[in-house]
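Text of the file data-v8.txt, holding compact mmCIF, C-alpha atoms and all ligand atoms:
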```txt
# COMPACT_ATOMS: atom_id res chain seq x y z
CA MET A 1 17.27 -100.27 41.19
CA PRO A 2 19.89 -102.23 39.27
CA PRO A 3 21.46 -100.45 36.29
CA ARG A 4 19.70 -101.27 33.03
CA ARG A 5 22.03 -99.63 30.52
CA ALA A 6 22.21 -102.02 27.56
CA LEU A 7 19.24 -104.35 27.12
CA LEU A 8 19.99 -106.90 24.39
CA PHE A 9 17.10 -108.20 22.29
CA ILE A 10 17.44 -111.78 21.11
CA PRO A 11 14.88 -113.68 19.01
CA GLY A 12 13.37 -116.17 21.46
CA ASP A 13 13.53 -119.10 19.03
CA ASP A 14 17.30 -118.82 18.54
CA ARG A 15 19.07 -120.80 21.25
CA ARG A 16 22.50 -120.14 19.71
CA LYS A 17 22.03 -116.37 19.87
CA ILE A 18 20.67 -116.59 23.41
CA GLU A 19 23.79 -118.48 24.52
CA LYS A 20 25.97 -115.95 22.76
CA GLY A 21 24.10 -113.05 24.40
CA ILE A 22 24.48 -114.56 27.86
CA GLY A 23 28.23 -114.92 27.27
CA LEU A 24 28.45 -111.15 26.69
CA GLN A 25 26.81 -110.29 30.04
CA PRO A 26 24.86 -107.12 29.19
CA ASP A 27 22.83 -105.65 32.08
CA CYS A 28 19.69 -107.22 30.61
CA ILE A 29 18.86 -109.92 28.09
CA ILE A 30 15.42 -109.71 26.49
CA MET A 31 14.32 -112.92 24.81
CA ASP A 32 11.72 -111.91 22.28
CA LEU A 33 8.38 -113.49 21.40
CA GLU A 34 7.03 -110.49 19.48
CA ASP A 35 8.29 -108.94 16.26
CA GLY A 36 11.70 -110.63 16.31
CA VAL A 37 10.00 -114.03 15.89
CA ALA A 38 8.05 -115.24 12.81
CA ALA A 39 4.41 -116.26 13.43
CA SER A 40 5.28 -119.86 12.54
CA ARG A 41 8.05 -119.91 15.19
CA LYS A 42 6.18 -118.41 18.19
CA ALA A 43 5.37 -121.77 19.80
CA ALA A 44 8.96 -122.99 19.35
CA ALA A 45 10.20 -119.74 20.89
CA ILE A 46 8.11 -120.27 24.03
CA GLU A 47 9.65 -123.72 24.46
CA THR A 48 13.19 -122.47 23.78
CA ILE A 49 12.83 -119.66 26.32
CA ARG A 50 11.40 -121.99 28.97
CA ALA A 51 14.23 -124.46 28.43
CA THR A 52 16.81 -121.67 28.55
CA LEU A 53 15.42 -120.20 31.77
CA ALA A 54 15.50 -123.66 33.34
CA ALA A 55 18.97 -124.64 32.19
CA MET A 56 21.19 -121.59 31.72
CA ASP A 57 23.04 -119.50 34.28
CA PHE A 58 22.58 -115.88 33.19
CA GLY A 59 25.33 -114.63 35.49
CA ARG A 60 24.92 -110.92 36.26
CA SER A 61 22.50 -110.35 33.37
CA GLU A 62 18.84 -109.89 34.17
CA LYS A 63 16.50 -112.25 32.32
CA TRP A 64 13.57 -110.65 30.52
CA VAL A 65 11.00 -111.95 28.06
CA ARG A 66 9.14 -109.70 25.63
CA VAL A 67 5.66 -111.09 25.04
CA ASN A 68 3.22 -110.08 22.32
CA ALA A 69 0.88 -107.15 22.85
CA VAL A 70 -2.18 -107.52 25.07
CA GLY A 71 -5.19 -108.09 22.81
CA THR A 72 -3.32 -110.21 20.25
CA PRO A 73 -4.18 -113.92 19.98
CA TYR A 74 -0.78 -114.71 21.56
CA MET A 75 -1.67 -113.25 24.93
CA PRO A 76 -1.98 -114.43 27.64
CA ASP A 77 -0.74 -117.72 26.15
CA ASP A 78 2.82 -116.30 25.85
CA LEU A 79 2.97 -116.23 29.66
CA ARG A 80 3.49 -119.99 29.54
CA VAL A 81 7.16 -119.00 29.54
CA LEU A 82 6.61 -118.50 33.28
CA ASP A 83 5.66 -122.14 33.76
CA GLY A 84 8.97 -123.26 35.28
CA SER A 85 11.99 -121.10 36.20
CA LEU A 86 10.93 -117.47 36.48
CA PRO A 87 12.63 -114.65 34.58
CA ASP A 88 13.30 -111.28 36.24
CA GLY A 89 10.60 -109.62 34.21
CA ILE A 90 8.27 -109.30 31.26
CA VAL A 91 8.50 -106.60 28.60
CA ILE A 92 5.08 -105.60 27.24
CA PRO A 93 5.05 -103.99 23.78
CA LYS A 94 2.56 -101.49 22.36
CA VAL A 95 1.15 -100.54 25.76
CA GLU A 96 -1.74 -98.10 25.43
CA SER A 97 -3.48 -98.16 28.82
CA ALA A 98 -2.99 -98.86 32.52
CA GLU A 99 -5.62 -101.57 32.20
CA GLN A 100 -3.35 -103.64 29.91
CA ILE A 101 -0.53 -103.55 32.48
CA LYS A 102 -2.85 -104.48 35.31
CA ARG A 103 -4.14 -107.45 33.33
CA VAL A 104 -0.62 -108.74 32.65
CA SER A 105 0.29 -108.17 36.32
CA SER A 106 -2.67 -110.25 37.46
CA TRP A 107 -2.04 -113.03 34.90
CA ILE A 108 1.59 -113.18 36.05
CA SER A 109 0.66 -113.56 39.72
CA HIS A 110 -0.80 -117.01 38.98
CA TYR A 111 2.68 -118.26 38.07
CA GLU A 112 4.46 -116.87 41.13
CA PRO A 113 4.85 -119.14 44.16
CA ALA A 114 3.76 -117.42 47.40
CA GLU A 115 7.36 -116.70 48.49
CA GLN A 116 8.05 -114.98 45.16
CA ALA A 117 4.79 -113.00 44.97
CA GLY A 118 5.30 -109.70 43.17
CA SER A 119 8.87 -110.55 42.16
CA ILE A 120 8.38 -110.48 38.38
CA LYS A 121 8.92 -106.95 37.09
CA LEU A 122 7.44 -105.21 34.07
CA ILE A 123 8.75 -102.85 31.40
CA ALA A 124 6.19 -101.12 29.15
CA ILE A 125 7.11 -100.09 25.61
CA ILE A 126 5.39 -96.89 24.50
CA GLU A 127 5.22 -96.95 20.71
CA SER A 128 1.84 -95.61 19.62
CA ALA A 129 -0.01 -92.30 19.80
CA LYS A 130 -2.46 -93.75 22.37
CA GLY A 131 0.44 -94.97 24.50
CA VAL A 132 1.94 -91.47 24.55
CA VAL A 133 -1.41 -89.82 25.33
CA ASN A 134 -1.98 -92.24 28.25
CA LEU A 135 1.54 -92.05 29.69
CA ARG A 136 0.38 -90.74 33.04
CA GLU A 137 -1.97 -93.62 33.85
CA ILE A 138 0.49 -96.14 32.39
CA ALA A 139 3.38 -94.85 34.52
CA ALA A 140 1.23 -95.06 37.66
CA SER A 141 -0.39 -98.40 36.81
CA ASP A 142 1.30 -101.14 38.83
CA PRO A 143 4.05 -101.68 41.43
CA ARG A 144 5.71 -104.26 39.17
CA LEU A 145 6.51 -101.58 36.60
CA VAL A 146 10.19 -100.55 36.73
CA ALA A 147 10.73 -98.79 33.41
CA LEU A 148 9.14 -97.15 30.40
CA CYS A 149 10.69 -97.77 27.04
CA PHE A 150 10.39 -95.59 23.94
CA GLY A 151 9.93 -97.32 20.55
CA ALA A 152 10.60 -95.02 17.59
CA GLU A 153 9.95 -97.40 14.68
CA ASP A 154 6.46 -98.50 15.68
CA LEU A 155 5.52 -94.98 16.77
CA ALA A 156 6.51 -93.54 13.38
CA GLY A 157 4.36 -96.20 11.70
CA ASP A 158 1.44 -95.52 14.04
CA ILE A 159 1.36 -91.76 13.49
CA GLY A 160 2.32 -91.77 9.80
CA ALA A 161 5.65 -90.05 10.46
CA ILE A 162 8.88 -90.48 8.55
CA ARG A 163 11.80 -91.83 10.60
CA THR A 164 14.68 -89.39 10.59
CA PRO A 165 18.26 -89.84 11.83
CA ASP A 166 17.78 -87.49 14.79
CA ILE A 167 14.27 -88.81 15.63
CA HIS A 168 12.85 -85.28 15.39
CA GLU A 169 9.52 -86.70 14.16
CA SER A 170 9.06 -88.21 17.65
CA ALA A 171 10.82 -85.56 19.74
CA TYR A 172 7.66 -84.99 21.79
CA ALA A 173 7.11 -88.69 22.50
CA ARG A 174 10.78 -89.34 23.28
CA GLY A 175 10.72 -86.43 25.71
CA ALA A 176 7.39 -87.40 27.24
CA VAL A 177 8.44 -90.99 27.95
CA VAL A 178 11.43 -89.86 30.02
CA ILE A 179 9.44 -87.16 31.87
CA TYR A 180 6.64 -89.53 32.88
CA ALA A 181 9.14 -92.22 33.81
CA LYS A 182 11.03 -89.84 36.11
CA ALA A 183 7.84 -88.42 37.62
CA PHE A 184 6.91 -91.93 38.74
CA ASP A 185 10.41 -93.15 39.78
CA LEU A 186 10.82 -95.42 36.79
CA GLN A 187 13.84 -95.97 34.58
CA ALA A 188 13.63 -94.71 30.98
CA ILE A 189 14.95 -96.85 28.12
CA ASP A 190 15.57 -95.50 24.64
CA THR A 191 14.61 -97.01 21.27
CA PRO A 192 16.99 -99.43 19.49
CA PHE A 193 19.41 -98.14 16.85
CA ILE A 194 18.86 -100.35 13.84
CA THR A 195 21.88 -99.53 11.67
CA LEU A 196 24.37 -102.26 12.51
CA ASP A 197 27.59 -100.87 11.06
CA ASP A 198 27.81 -97.31 12.39
CA GLU A 199 29.13 -97.26 15.95
CA ALA A 200 29.74 -93.51 15.93
CA ALA A 201 26.07 -92.83 15.08
CA LEU A 202 24.92 -95.36 17.70
CA THR A 203 27.05 -93.60 20.31
CA ARG A 204 25.64 -90.19 19.30
CA GLU A 205 22.06 -91.45 19.59
CA ALA A 206 22.77 -93.09 22.97
CA TYR A 207 24.41 -89.88 24.15
CA SER A 208 21.40 -87.80 23.12
CA ALA A 209 19.22 -90.19 25.16
CA LEU A 210 21.54 -89.81 28.17
CA GLU A 211 21.36 -86.03 27.85
CA MET A 212 17.56 -86.24 27.95
CA GLY A 213 17.60 -88.29 31.18
CA TYR A 214 17.33 -91.79 29.74
CA THR A 215 19.02 -94.48 31.83
CA GLY A 216 19.54 -97.12 29.13
CA LYS A 217 18.98 -98.13 25.54
CA LEU A 218 17.78 -101.25 23.74
CA ALA A 219 20.44 -103.17 21.80
CA ILE A 220 19.79 -105.50 18.89
CA HIS A 221 23.27 -106.83 18.15
CA PRO A 222 26.17 -107.95 20.38
CA LYS A 223 28.42 -105.19 19.08
CA GLN A 224 26.02 -102.54 20.41
CA ILE A 225 26.37 -103.65 24.06
CA ALA A 226 29.76 -102.06 24.83
CA PRO A 227 29.13 -98.64 23.22
CA ILE A 228 25.72 -98.31 24.92
CA THR A 229 27.00 -99.46 28.32
CA THR A 230 29.89 -97.01 28.09
CA VAL A 231 27.63 -94.04 27.32
CA PHE A 232 25.37 -94.78 30.31
CA THR A 233 28.31 -95.27 32.73
CA PRO A 234 29.90 -92.10 34.17
CA ASN A 235 33.61 -91.95 33.33
CA ALA A 236 36.44 -91.10 35.73
CA SER A 237 36.72 -87.43 34.73
CA GLU A 238 32.95 -86.88 35.08
CA ILE A 239 33.08 -88.49 38.52
CA GLN A 240 36.02 -86.36 39.59
CA ALA A 241 34.34 -83.18 38.36
CA ALA A 242 31.15 -84.08 40.30
CA GLN A 243 33.14 -84.78 43.48
CA ARG A 244 35.05 -81.52 43.14
CA LEU A 245 31.81 -79.58 42.69
CA ILE A 246 30.22 -81.17 45.74
CA ALA A 247 33.35 -80.57 47.87
CA ALA A 248 33.43 -76.90 46.83
CA PHE A 249 29.72 -76.58 47.57
CA GLU A 250 30.08 -78.03 51.05
CA GLN A 251 32.90 -75.63 51.80
CA GLN A 252 30.79 -72.66 50.59
CA GLN A 253 27.82 -73.82 52.67
CA HIS A 254 30.00 -73.71 55.78
CA SER A 255 31.02 -70.18 54.97
CA GLY A 256 27.34 -69.25 54.49
CA SER A 257 26.90 -68.79 50.72
CA GLY A 258 24.34 -70.66 48.58
CA ALA A 259 25.60 -69.72 45.14
CA PHE A 260 29.27 -69.30 44.27
CA GLN A 261 31.72 -69.32 41.39
CA LEU A 262 33.87 -72.24 40.24
CA ASP A 263 36.03 -72.18 37.08
CA GLY A 264 34.19 -69.08 35.86
CA LYS A 265 30.70 -70.55 36.24
CA MET A 266 27.93 -70.03 38.75
CA VAL A 267 27.26 -73.06 40.94
CA ASP A 268 24.07 -73.53 42.94
CA MET A 269 21.69 -76.28 44.02
CA PRO A 270 20.57 -77.67 40.59
CA MET A 271 24.20 -78.39 39.61
CA ILE A 272 24.80 -80.06 42.96
CA ARG A 273 21.76 -82.24 42.45
CA ALA A 274 23.02 -83.19 38.98
CA ALA A 275 26.47 -84.01 40.39
CA THR A 276 24.91 -86.11 43.15
CA ALA A 277 22.77 -87.95 40.58
CA LEU A 278 25.87 -88.69 38.50
CA LEU A 279 27.64 -90.17 41.52
CA GLU A 280 24.51 -92.25 42.24
CA ARG A 281 24.62 -93.62 38.69
CA ALA A 282 28.30 -94.44 39.10
CA LYS A 283 27.58 -96.29 42.34
CA MET A 284 24.72 -98.20 40.72
CA ALA A 285 27.13 -99.23 37.98
CA GLY A 286 29.42 -100.68 40.65
CA ILE A 287 32.17 -98.06 40.44
CA PRO A 288 33.90 -97.68 43.82
CA ILE A 289 33.59 -93.91 44.15
CA GLU A 290 36.04 -93.43 47.06
CA ASN A 291 38.96 -94.71 44.98
CA ILE A 292 38.60 -92.33 42.07
N1 LIG B 1 21.82 -111.53 20.27
C1 LIG B 1 22.79 -112.47 20.38
N2 LIG B 1 23.61 -112.79 19.36
C2 LIG B 1 23.43 -112.15 18.21
C3 LIG B 1 22.45 -111.17 18.03
C4 LIG B 1 21.61 -110.86 19.11
N3 LIG B 1 20.66 -109.94 19.04
N4 LIG B 1 22.53 -110.68 16.79
C5 LIG B 1 23.53 -111.34 16.19
N5 LIG B 1 24.08 -112.23 17.04
C6 LIG B 1 25.22 -113.11 16.79
C7 LIG B 1 25.06 -113.92 15.52
O1 LIG B 1 24.38 -115.12 15.79
C8 LIG B 1 26.49 -114.14 15.13
O2 LIG B 1 27.03 -115.15 15.95
P1 LIG B 1 28.20 -116.15 15.44
O3 LIG B 1 29.34 -115.26 15.04
O4 LIG B 1 28.48 -116.99 16.62
O5 LIG B 1 27.59 -116.87 14.27
C9 LIG B 1 27.18 -112.85 15.54
O6 LIG B 1 26.36 -112.30 16.56
C10 LIG B 1 27.31 -111.85 14.42
O7 LIG B 1 26.03 -111.61 13.89
P2 LIG B 1 25.84 -110.99 12.42
O8 LIG B 1 26.23 -112.00 11.38
O9 LIG B 1 26.48 -109.67 12.39
O10 LIG B 1 24.28 -110.75 12.38
P3 LIG B 1 23.12 -111.77 11.89
O11 LIG B 1 22.92 -111.61 10.43
O12 LIG B 1 23.39 -113.14 12.43
O13 LIG B 1 21.88 -111.17 12.67
C11 LIG B 1 20.05 -109.71 13.08
C12 LIG B 1 21.39 -109.87 12.36
C13 LIG B 1 19.56 -108.28 12.91
C14 LIG B 1 19.05 -110.69 12.53
C15 LIG B 1 20.32 -110.00 14.59
O14 LIG B 1 21.25 -109.06 15.07
C16 LIG B 1 19.11 -110.04 15.47
O15 LIG B 1 18.40 -111.05 15.50
N6 LIG B 1 18.84 -108.97 16.27
C17 LIG B 1 17.76 -108.92 17.19
C18 LIG B 1 16.45 -108.82 16.46
C19 LIG B 1 15.31 -108.65 17.41
O16 LIG B 1 15.23 -109.27 18.44
N7 LIG B 1 14.36 -107.76 17.05
C20 LIG B 1 13.26 -107.45 17.85
C21 LIG B 1 13.48 -106.25 18.71
S1 LIG B 1 13.68 -104.75 17.83
MG MG B 2 8.14 -102.69 18.20
```

Output the file's structure in the form of structure tokens.
Amino acid sequence: MPPRRALLFIPGDDRRKIEKGIGLQPDCIIMDLEDGVAASRKAAAIETIRATLAAMDFGRSEKWVRVNAVGTPYMPDDLRVLDGSLPDGIVIPKVESAEQIKRVSSWISHYEPAEQAGSIKLIAIIESAKGVVNLREIAASDPRLVALCFGAEDLAGDIGAIRTPDIHESAYARGAVVIYAKAFDLQAIDTPFITLDDEAALTREAYSALEMGYTGKLAIHPKQIAPITTVFTPNASEIQAAQRLIAAFEQQQHSGSGAFQLDGKMVDMPMIRAATALLERAKMAGIPIENI
């Protein structure tokens, strides 16, 4: 799976912002048709996104489109964005059942030429109580699904919670999204951070997501791309520590011991798995491991 660390939301009716976003080359660009676009601008946004997909070179950034929720009057009409050059995937908001994903998957297949059948991927945003309760069936719903995304603002609204700086009102949901994602080999993407002028707080929130097992985070402004990408990319000292741990482990295995001591701490299989996972993430991010 390609790394999806920072995923930049851009209102789909704003060609200037889309061009700016592409210039910044985040892992993913998500052109929005849902809440980032006024009702009166939805039709214009579909046309802008289609034109952009046809004309622009997105470089190394994946191209995604967030449609409106299944069951709204905008769907499946929003999928007209697929009538031309195909994006890499569709982000579906407010997902509450496997059935909704399967419907989008089948609608999408009508736009895919035979040689590209199944190529369009899906990300499901979980941002309601029903979505959380049905995580298991949602995570298992369709082979197109590559990631689950947690949405804190809508969830707080849905359950009548008060948004807090450390998201403790949705601690269960934020934990559940990453657990179900990992159980079904999906990536897990954290909620956007909506304060635009506090990079330290953004970095803390991204770090807390990383600690929980999240693999990326939504971004809503160009200046959020670099801090988020940095948090989700292992740094040189983390990579070195992981390599040292694995080397020590291999040596101990040869001498016949499973658990051993390194720098005053016990080391056994779970730490080795974590170190291996960190090196995997580094490789996915394109870091040449041998040279570090
Ligand atoms: N993608 C690409 N470019 C963006 C951007 C985004 N999400 N947000 C801002 N920019 C651009 C602006 O156009 C501006 O470009 P310029 O210097 O060439 O004029 C520059 O970055 C600085 O923007 P700034 O003035 O700080 O913000 P703004 O007032 O123009 O926009 C928001 C603020 C919140 C409206 C904007 O960041 C935005 O639209 N975010 C995404 C909203 C969204 O999609 N929401 C739905 C998902 S939660
Ligand atoms: Mg939302």

Worksheet item: So, counting all atoms listed in the file, which residue among A:Arg144, A:Arg281, A:Lys217, A:Arg103 is closest to Ser119 (chain A)?
Response: A:Arg144

Worksheet item: Distance CA of Leu278 (chain A)-CA of Gly264 (chain A), one decimal place?
Response: 21.5 Å

Fill in: Close residues to ligand LIG 1 (chain B) using all atoms listed in the file, limit 6 Å, as a ChimeraX atom specification
/A:9-11,17-18,20-21,32,35-36,220-222

Worksheet item: What do you get as number ranges by chain if you pick all residues at most 7 Å from ligand MG 2 (chain B), counting only C-alpha atoms and all ligand atoms?
Response: A: 35, 93, 127, 151, 153-154

If we count all atoms listed in the file, what is near Ala285 (chain A) at a cut-off of 9 Å, once residues fewer than 4 positions away on the same chain are taken out, given as a PDB file with C-alpha atoms, keeping the file's coordinate frame?
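The resulting file, result_4.pdb, is shown below:
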```
ATOM      1  CA  PRO A   2      19.890-102.230  39.270  1.00  0.00           C
ATOM      2  CA  PRO A   3      21.460-100.450  36.290  1.00  0.00           C
ATOM      3  CA  THR A 233      28.310 -95.270  32.730  1.00  0.00           C
ATOM      4  CA  PRO A 234      29.900 -92.100  34.170  1.00  0.00           C
ATOM      5  CA  GLU A 280      24.510 -92.250  42.240  1.00  0.00           C
ATOM      6  CA  ARG A 281      24.620 -93.620  38.690  1.00  0.00           C
TER       7      ARG A 281
END
```

Discussion item. Counting all atoms listed in the file, I want the residues whose atoms come within 12 Å of (3.7, -120.7, 19.3) in the file frame, returned as a PyMOL selection string.
Written reply: chain A and resi 12-13+33-34+37-49+67-68+73-81

Practice prompt. Kindly give the distance, in Å, that separates CA of Val91 (chain A) and CA of Ile194 (chain A), rounded to a single decimal.
Written response: 19.1 Å

Item to complete: May I ask which of the residues A:Ser255, A:Tyr111, A:Ile159, A:Ile101 is the closest one to Glu137 (chain A), counting only C-alpha atoms?
Response: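 Nearest to Glu137 (chain A): A:Ile101.
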
Worksheet item: Mind listing as a list in words all residues within 10 Å of (24.6, -94.9, 31.8), counting all atoms listed in the file?
Response: Pro3, Arg4, Arg5, Ala6, Ala206, Tyr207, Ala209, Leu210, Gly213, Tyr214, Thr215, Gly216, Lys217, Ile228, Thr229, Thr230, Val231, Phe232, Thr233, Pro234, Asn235, Leu278, Arg281, Ala282, Met284 and Ala285 of chain A

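When CA of Asp268 (chain A) is paired with CA of Arg244 (chain A), their separation reads 13.6 Å.
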
Worksheet item: Counting all atoms listed in the file, which of A:Phe150, A:Leu245, A:Pro143, A:Ala176 gets nearest to Thr191 (chain A)?
Response: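 Nearest to Thr191 (chain A): A:Phe150.
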
Worksheet item: Counting only C-alpha atoms, what is within 6 Å of Ile30 (chain A), bar same-chain residues fewer than 5 positions away, as a list of chain:residue names?
Response: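 Counting only C-alpha atoms, the residues come to A:Leu8, A:Phe9, A:Trp64, A:Val65.
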
Practice prompt. Rank nothing, just name the residue among A:Ala242, A:Leu155, A:Leu218, A:Met31 nearest to Ile90 (chain A), using only C-alpha atoms.
Written response: A:Met31

Worksheet entry | Among the residues A:Ala156, A:Ala55, A:Ala98, A:Ile289, the one that comes closest to Asn134 (chain A) [using all atoms listed in the file] |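 Nearest candidate to Asn134 (chain A) out of A:Ala156, A:Ala55, A:Ala98, A:Ile289: A:Ala98.
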
Fill in: 12 Å contact set for Lys121 (chain A), all atoms listed in the file, chain neighbours under 3 positions out, as a count of residues only
31
